[in-house]
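Structure first, then comments.
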Amino acid sequence: MKKIELEGKTYPTENFVIKEDFHTADVKIINSMLNGDGPPVYVIRGYMATEVVDEIKAQFYKLIEETGGGNRSDFVKTFQIGANQFLKSSSEYFDECNATRKNVHQLLKNIDHDIADDFLLEKTFVKYFTGKGVHFGPSYYRGNYSNLFTARLWADEDENKKLSLQAHEDLSQVKFVEKEGFEISNVKNVIACNLCVNSDSQSKLVLWNMSPYEAVKKELGLDQSGYPYPAELVHEIECLKLDTKPGDLYFINANFLHGVERSSTKNIRITLGRFMGYSSGARIAYWT
């Protein structure tokens with residue numbers, strides 16, 4: 001049997017670094033990532049105040065208890081509030097967006113209006129990109145819009161695995177809806193935006209210096225999902241590890257393989273996240 005080796009795009013080693021700012025985001029850096037030119041990881045430390053993320057965490061656990069673990073039921077082990085596009089038709093995805101929107105809003109119910117209004121830089125992005133003649137907003141399909149974010153606690157506690165979220169990339173999954181005309185299938189550079197709500201020192205984000213070629217994805221049978229890449233294929237690839245604290249906002253080039261390390265104790269890592277990308281030269285859409 002032919003041995004499969006990962007081949008793909010990589011960053012020059014000198015550019016494969018984590019870019020950090022504190023409290024305030026530089027939208028120019030995020031735009032460079034959207035254009036495929038920026039750093040692989042950009043983190044804004046202390047972006048959100050502790051009391052804000054603590055309130056979100058309390059609401060998350062409350063909703064997880066009320067919903068019996070959230071609303072995700074595929075083979076990716078996670079507690080989730082909100083929708084995910086993974087391996088869903090466009091209609092299925094937006095049905096889930098509509099069904100979960102109330103709970104997504106519930107997570108922000110006690111948050112100050114000004115903070116909620118610019119949550120995940122929503123208002124900041126609209127202002128910045130409008131000034132460049134680019135429309136920024138939720139992805140759209142047949143009269144429906146995606147939610148602002150999805151909240152997750154990765155829950156794979158298999159002691160034989162080093163990761164609670166297995167190695168994957170998020171570009172392949174947008175191809176799943178290409179034939180349906182859903183705008184995200186036009187995105188070439190997928191950027192993941194995440195807010196850390198809860199974490200520990202062991203649950204680090206790992207990003208490998210590898211964006212697999214299409215031919216490799218097809219050989220692995222992952223060209224429509226991007227999940228999961230076999231651990232034995234990635235363990236020797238150069239990687240970055242990001243230790244996040246509650247309140248940190250971070251962006252990653254999600255075309256590249258990434259995952260989350262498993263804690264030796266019970267997983268407590270909670271993030272709110274969404275994906276972003278140019279669906280046309282004058283449009284940036286986000287989805288979950």
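Naming scheme: A, B, ... for chains in displayed order of the structure tokens; residues 1 onward per chain; ligands 1 onward as shown.
For Glu180 (chain A), the set of protein, DNA and RNA residues having any atom at most 12 Å away, when counting only C-alpha atoms and skipping those fewer than 5 positions along the same chain, is Lys88, Ser89, Ser90, Ser91, Glu92, Tyr141, Arg142, Val174, Lys175, Ser185 and Asn186 of chain A.
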Selection above as a file: C-alpha atoms, as a short mmCIF file (atom, residue, chain, number, x, y, z; two decimals), in the first residue's frame:
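What landed in out-v7.cif:
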data_model
loop_
_atom_site.label_atom_id
_atom_site.label_comp_id
_atom_site.auth_asym_id
_atom_site.auth_seq_id
_atom_site.Cartn_x
_atom_site.Cartn_y
_atom_site.Cartn_z
CA LYS A 88 -24.15 20.04 6.05
CA SER A 89 -26.09 21.18 3.03
CA SER A 90 -26.71 24.91 2.94
CA SER A 91 -30.36 24.42 3.88
CA GLU A 92 -29.45 22.18 6.81
CA TYR A 141 -28.32 31.99 1.51
CA ARG A 142 -31.90 32.19 0.21
CA VAL A 174 -16.58 25.06 2.18
CA LYS A 175 -16.28 22.94 -0.99
CA SER A 185 -17.58 28.17 -1.43
CA ASN A 186 -15.81 31.06 -3.19
#
Please build the interface table for region 4-80 of chain A against region 201-211 of chain A with a cut-off of 6 Å, listing for each qualifying residue the nearest atom pair and the distance in Å to one decimal; count only C-alpha atoms, order rows by chain and increasing number, and write it as a Markdown table.
| residue | atom | partner | partner_atom | distance |
| --- | --- | --- | --- | --- |
| A:Gly8 | CA | A:Ser211 | CA | 5.1 |
| A:Lys9 | CA | A:Ser211 | CA | 5.0 |
| A:Thr10 | CA | A:Met210 | CA | 5.2 |
Export C-alpha atoms of the chosen residues as a PDB file, in the first residue's frame?
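Contents of out.pdb, as written:
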ATOM      1  CA  GLY A   8       1.344  21.501   0.604  1.00  0.00           C
ATOM      2  CA  LYS A   9       1.921  25.196   1.052  1.00  0.00           C
ATOM      3  CA  THR A  10       4.111  26.340   3.927  1.00  0.00           C
TER       4      THR A  10
END
I want to know what sits within 9 Å of Ile284 (chain A), based on only C-alpha atoms, with residues of the same chain fewer than 4 positions away left out; could you give that as a PyMOL selection string? chain A and resi 34+129+134-139+187+276-280
Leu220 (chain A): which residues within 10 Å, counting only C-alpha atoms, same-chain residues fewer than 4 positions away excluded, as a CSV table (one decimal) with all heavy atoms, in the first residue's frame?
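Result file is around.csv:
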chain,number,residue,atom,x,y,z
A,4,ILE,N,1.2,7.6,2.2
A,4,ILE,CA,0.8,8.9,2.0
A,4,ILE,C,1.7,9.9,2.8
A,4,ILE,O,1.8,9.7,4.0
A,4,ILE,CB,-0.7,9.2,2.3
A,4,ILE,CG1,-1.6,8.2,1.4
A,4,ILE,CG2,-1.1,10.6,2.1
A,4,ILE,CD1,-3.1,8.3,1.8
A,5,GLU,N,2.2,10.9,2.1
A,5,GLU,CA,2.9,11.9,2.7
A,5,GLU,C,2.3,13.3,2.5
A,5,GLU,O,1.7,13.5,1.4
A,5,GLU,CB,4.4,12.0,2.2
A,5,GLU,CG,5.2,10.7,2.5
A,5,GLU,CD,6.6,10.9,2.1
A,5,GLU,OE1,7.0,12.0,1.6
A,5,GLU,OE2,7.4,9.9,2.2
A,6,LEU,N,2.2,14.1,3.6
A,6,LEU,CA,1.6,15.4,3.5
A,6,LEU,C,2.5,16.3,2.7
A,6,LEU,O,3.7,16.5,3.0
A,6,LEU,CB,1.3,16.0,4.8
A,6,LEU,CG,0.2,15.4,5.6
A,6,LEU,CD1,-0.1,16.2,6.9
A,6,LEU,CD2,-1.1,15.5,4.8
A,214,GLU,N,-4.6,20.0,-2.8
A,214,GLU,CA,-5.9,19.4,-3.1
A,214,GLU,C,-5.7,17.9,-3.4
A,214,GLU,O,-6.5,17.1,-3.0
A,214,GLU,CB,-6.5,20.1,-4.3
A,214,GLU,CG,-8.0,19.8,-4.5
A,214,GLU,CD,-8.9,20.3,-3.3
A,214,GLU,OE1,-8.5,21.2,-2.6
A,214,GLU,OE2,-10.0,19.7,-3.2
A,215,ALA,N,-4.7,17.5,-4.1
A,215,ALA,CA,-4.4,16.1,-4.5
A,215,ALA,C,-4.2,15.3,-3.2
A,215,ALA,O,-4.7,14.1,-3.1
A,215,ALA,CB,-3.2,16.0,-5.4
A,216,VAL,N,-3.6,15.8,-2.2
A,216,VAL,CA,-3.3,15.1,-1.0
A,216,VAL,C,-4.7,14.9,-0.2
A,216,VAL,O,-4.9,13.8,0.3
A,216,VAL,CB,-2.3,15.8,-0.1
A,216,VAL,CG1,-2.2,15.1,1.3
A,216,VAL,CG2,-1.0,15.9,-0.8
A,226,GLY,N,-12.0,18.0,5.5
A,226,GLY,CA,-10.8,18.5,6.1
A,226,GLY,C,-10.6,17.9,7.5
A,226,GLY,O,-9.7,18.4,8.2
A,227,TYR,N,-11.3,16.9,7.9
A,227,TYR,CA,-11.2,16.4,9.3
A,227,TYR,C,-11.5,14.9,9.3
A,227,TYR,O,-12.4,14.4,8.7
A,227,TYR,CB,-12.3,17.1,10.2
A,227,TYR,CG,-12.2,16.8,11.6
A,227,TYR,CD1,-11.5,17.5,12.6
A,227,TYR,CD2,-12.8,15.6,12.1
A,227,TYR,CE1,-11.5,17.2,13.9
A,227,TYR,CE2,-12.8,15.3,13.5
A,227,TYR,CZ,-12.1,16.1,14.3
A,227,TYR,OH,-12.0,15.7,15.7
A,228,PRO,N,-10.7,14.2,10.1
A,228,PRO,CA,-9.4,14.5,10.8
A,228,PRO,C,-8.2,14.0,10.0
A,228,PRO,O,-8.3,13.0,9.3
A,228,PRO,CB,-9.5,13.8,12.1
A,228,PRO,CG,-10.2,12.5,11.8
A,228,PRO,CD,-11.2,12.9,10.6
A,229,TYR,N,-7.1,14.7,10.0
A,229,TYR,CA,-5.9,14.2,9.4
A,229,TYR,C,-5.2,13.3,10.4
A,229,TYR,O,-5.1,13.5,11.6
A,229,TYR,CB,-4.9,15.4,9.1
A,229,TYR,CG,-5.3,16.1,7.8
A,229,TYR,CD1,-6.4,17.0,7.8
A,229,TYR,CD2,-4.6,15.9,6.6
A,229,TYR,CE1,-6.8,17.7,6.7
A,229,TYR,CE2,-5.0,16.6,5.5
A,229,TYR,CZ,-6.1,17.5,5.5
A,229,TYR,OH,-6.5,18.1,4.4
A,230,PRO,N,-4.7,12.1,9.9
A,230,PRO,CA,-4.0,11.2,10.8
A,230,PRO,C,-2.9,11.8,11.6
A,230,PRO,O,-2.0,12.5,11.0
A,230,PRO,CB,-3.5,10.1,9.8
A,230,PRO,CG,-4.4,10.2,8.6
A,230,PRO,CD,-4.7,11.7,8.5
Taking only C-alpha atoms into account, name the residue in A:Asn103, A:Ile237, A:Ala285, A:Gly38 that is nearest to Thr67 (chain A).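 Using only C-alpha atoms, Thr67 (chain A) sits closest to A:Asn103.
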Atom-to-atom span, CA of Leu171 (chain A) and CA of Asn255 (chain A), Å: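 About the pair CA of Leu171 (chain A) and CA of Asn255 (chain A): they are 5.3 Å apart.
Atom pair CA of Ala116 (chain A) / CA of Leu272 (chain A): separated by 13.2 Å.
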Which of region 20-152 of chain A end up as strand (DSSP E or B) when DSSP is run on this backbone - answer as a list in words?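 So the strand (DSSP E or B) residues in region 20-152 of chain A would be Glu20, Asp21, Phe22, Val41, Tyr42, Val43, Ile44, Arg45, Gly70, Thr78, Phe79, Gln80, Ile81, His135, Phe136, Gly137, Pro138, Tyr140, Tyr141, Asn144, Tyr145, Thr150, Ala151 and Arg152 of chain A.
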Expressed in Å to a single decimal, how great is the separation between CA of Val234 (chain A) and CA of Asn31 (chain A)?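 Result for CA of Val234 (chain A) versus CA of Asn31 (chain A): 28.2 Å, one decimal.
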Per DSSP on the backbone, what are the helix (DSSP H, G or I) residues of region 105-162 of chain A, as a VMD selection string? chain A and resid 105 to 106 113 to 117 119 to 130
At a cut-off of 8 Å, using only C-alpha atoms, what residues contact Leu163 (chain A)? Leave out same-chain residues fewer than 4 positions from it and give the result as a list in words. Asp156, Ala167, Gly259, Val260, Glu261 and Arg262 of chain A
My list of candidates is A:Gly133, A:Pro39, A:Gly69, A:Ser32. Which is closest to Glu14 (chain A) when distances are computed with only C-alpha atoms? A:Pro39
Extract, using only C-alpha atoms, all DNA, RNA and protein residues at most 12 Å from region 52-64 of chain A, discarding same-chain residues fewer than 3 positions from it, and format them as a ChimeraX atom specification. /A:46-49,67-72,78-82,100,102-113,115-116,119,150-153,195-199,245-249,268-272
Could those selected residues go to a file with C-alpha atoms, as a CSV table (one decimal), in the first residue's frame?
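Result went into part_31.csv, see below:
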chain,number,residue,atom,x,y,z
A,46,GLY,CA,-6.7,40.8,27.1
A,47,TYR,CA,-9.2,42.0,24.4
A,48,MET,CA,-12.2,41.2,26.5
A,49,ALA,CA,-12.5,42.0,30.3
A,67,THR,CA,-30.0,21.4,26.3
A,68,GLY,CA,-28.4,18.2,27.5
A,69,GLY,CA,-25.0,19.0,26.0
A,70,GLY,CA,-25.8,21.4,23.2
A,71,ASN,CA,-26.9,20.8,19.7
A,72,ARG,CA,-24.0,19.0,17.9
A,78,THR,CA,-17.9,18.7,21.5
A,79,PHE,CA,-20.5,20.6,23.6
A,80,GLN,CA,-21.8,23.3,21.4
A,81,ILE,CA,-24.2,26.2,21.4
A,82,GLY,CA,-24.9,27.5,17.9
A,100,THR,CA,-30.0,28.0,17.6
A,102,LYS,CA,-32.0,32.4,20.4
A,103,ASN,CA,-29.4,30.5,22.5
A,104,VAL,CA,-26.5,32.3,20.8
A,105,HIS,CA,-28.1,35.6,21.8
A,106,GLN,CA,-28.7,34.2,25.3
A,107,LEU,CA,-24.9,34.0,25.8
A,108,LEU,CA,-24.7,37.8,25.5
A,109,LYS,CA,-27.9,38.6,27.4
A,110,ASN,CA,-26.2,40.3,30.3
A,111,ILE,CA,-23.4,42.0,28.4
A,112,ASP,CA,-23.2,45.7,28.1
A,113,HIS,CA,-24.7,47.0,24.9
A,115,ILE,CA,-19.6,45.6,24.0
A,116,ALA,CA,-22.2,43.4,22.4
A,119,PHE,CA,-18.6,41.8,19.7
A,150,THR,CA,-20.8,29.5,17.8
A,151,ALA,CA,-19.7,28.5,21.3
A,152,ARG,CA,-17.8,25.2,21.9
A,153,LEU,CA,-16.1,23.1,24.5
A,195,LEU,CA,-12.5,34.4,21.7
A,196,CYS,CA,-11.1,32.4,24.6
A,197,VAL,CA,-13.8,32.2,27.3
A,198,ASN,CA,-12.1,29.5,29.5
A,199,SER,CA,-8.9,27.5,29.2
A,245,LYS,CA,-6.2,33.1,28.5
A,246,PRO,CA,-9.8,34.1,29.0
A,247,GLY,CA,-10.4,37.3,27.2
A,248,ASP,CA,-7.8,36.7,24.4
A,249,LEU,CA,-9.1,37.2,20.9
A,268,ILE,CA,-12.5,23.2,30.3
A,269,ARG,CA,-11.5,25.1,27.1
A,270,ILE,CA,-14.4,27.1,25.8
A,271,THR,CA,-14.2,29.4,22.8
A,272,LEU,CA,-16.7,31.5,20.8
If we count only C-alpha atoms and set the cut-off at 8 Å, which residues sit around Ser172 (chain A), ignoring sequence neighbours fewer than 4 positions away in its own chain? Please answer as a list of chain:residue names.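 Counting only C-alpha atoms, the residues come to A:Phe176, A:Leu222, A:Asp223, A:Gln224, A:Ser225, A:Gly226.
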How about saving the chosen residues, all heavy atoms kept, as a PDB file, in the first residue's frame?
ATOM      1  N   PHE A 176     -17.929  21.655   0.237  1.00  0.00           N
ATOM      2  CA  PHE A 176     -19.081  20.770   0.388  1.00  0.00           C
ATOM      3  C   PHE A 176     -20.359  21.400  -0.153  1.00  0.00           C
ATOM      4  O   PHE A 176     -21.281  20.705  -0.572  1.00  0.00           O
ATOM      5  CB  PHE A 176     -19.250  20.409   1.878  1.00  0.00           C
ATOM      6  CG  PHE A 176     -20.232  19.298   2.136  1.00  0.00           C
ATOM      7  CD1 PHE A 176     -19.875  17.980   1.919  1.00  0.00           C
ATOM      8  CD2 PHE A 176     -21.502  19.569   2.618  1.00  0.00           C
ATOM      9  CE1 PHE A 176     -20.775  16.945   2.158  1.00  0.00           C
ATOM     10  CE2 PHE A 176     -22.412  18.548   2.862  1.00  0.00           C
ATOM     11  CZ  PHE A 176     -22.040  17.229   2.635  1.00  0.00           C
ATOM     12  N   LEU A 222     -10.382  13.550   2.334  1.00  0.00           N
ATOM     13  CA  LEU A 222     -10.736  14.675   3.207  1.00  0.00           C
ATOM     14  C   LEU A 222     -11.021  15.957   2.423  1.00  0.00           C
ATOM     15  O   LEU A 222     -11.108  17.029   3.019  1.00  0.00           O
ATOM     16  CB  LEU A 222      -9.597  14.934   4.213  1.00  0.00           C
ATOM     17  CG  LEU A 222      -9.251  13.777   5.146  1.00  0.00           C
ATOM     18  CD1 LEU A 222      -8.040  14.137   6.003  1.00  0.00           C
ATOM     19  CD2 LEU A 222     -10.441  13.427   6.034  1.00  0.00           C
ATOM     20  N   ASP A 223     -11.184  15.855   1.115  1.00  0.00           N
ATOM     21  CA  ASP A 223     -11.337  17.051   0.287  1.00  0.00           C
ATOM     22  C   ASP A 223     -12.681  17.743   0.456  1.00  0.00           C
ATOM     23  O   ASP A 223     -12.856  18.878   0.014  1.00  0.00           O
ATOM     24  CB  ASP A 223     -11.125  16.718  -1.193  1.00  0.00           C
ATOM     25  CG  ASP A 223     -12.037  15.599  -1.674  1.00  0.00           C
ATOM     26  OD1 ASP A 223     -12.011  14.501  -1.055  1.00  0.00           O
ATOM     27  OD2 ASP A 223     -12.773  15.797  -2.652  1.00  0.00           O
ATOM     28  N   GLN A 224     -13.641  17.106   1.136  1.00  0.00           N
ATOM     29  CA  GLN A 224     -14.927  17.734   1.403  1.00  0.00           C
ATOM     30  C   GLN A 224     -15.139  18.057   2.882  1.00  0.00           C
ATOM     31  O   GLN A 224     -16.087  18.746   3.238  1.00  0.00           O
ATOM     32  CB  GLN A 224     -16.066  16.817   0.940  1.00  0.00           C
ATOM     33  CG  GLN A 224     -16.108  16.550  -0.541  1.00  0.00           C
ATOM     34  CD  GLN A 224     -16.636  17.733  -1.340  1.00  0.00           C
ATOM     35  OE1 GLN A 224     -17.749  18.215  -1.114  1.00  0.00           O
ATOM     36  NE2 GLN A 224     -15.851  18.206  -2.284  1.00  0.00           N
ATOM     37  N   SER A 225     -14.252  17.567   3.732  1.00  0.00           N
ATOM     38  CA  SER A 225     -14.437  17.756   5.173  1.00  0.00           C
ATOM     39  C   SER A 225     -13.224  18.391   5.852  1.00  0.00           C
ATOM     40  O   SER A 225     -13.370  19.226   6.737  1.00  0.00           O
ATOM     41  CB  SER A 225     -14.753  16.419   5.852  1.00  0.00           C
ATOM     42  OG  SER A 225     -13.632  15.546   5.784  1.00  0.00           O
ATOM     43  N   GLY A 226     -12.021  17.950   5.467  1.00  0.00           N
ATOM     44  CA  GLY A 226     -10.808  18.467   6.099  1.00  0.00           C
ATOM     45  C   GLY A 226     -10.570  17.946   7.497  1.00  0.00           C
ATOM     46  O   GLY A 226      -9.685  18.430   8.202  1.00  0.00           O
TER      47      GLY A 226
END
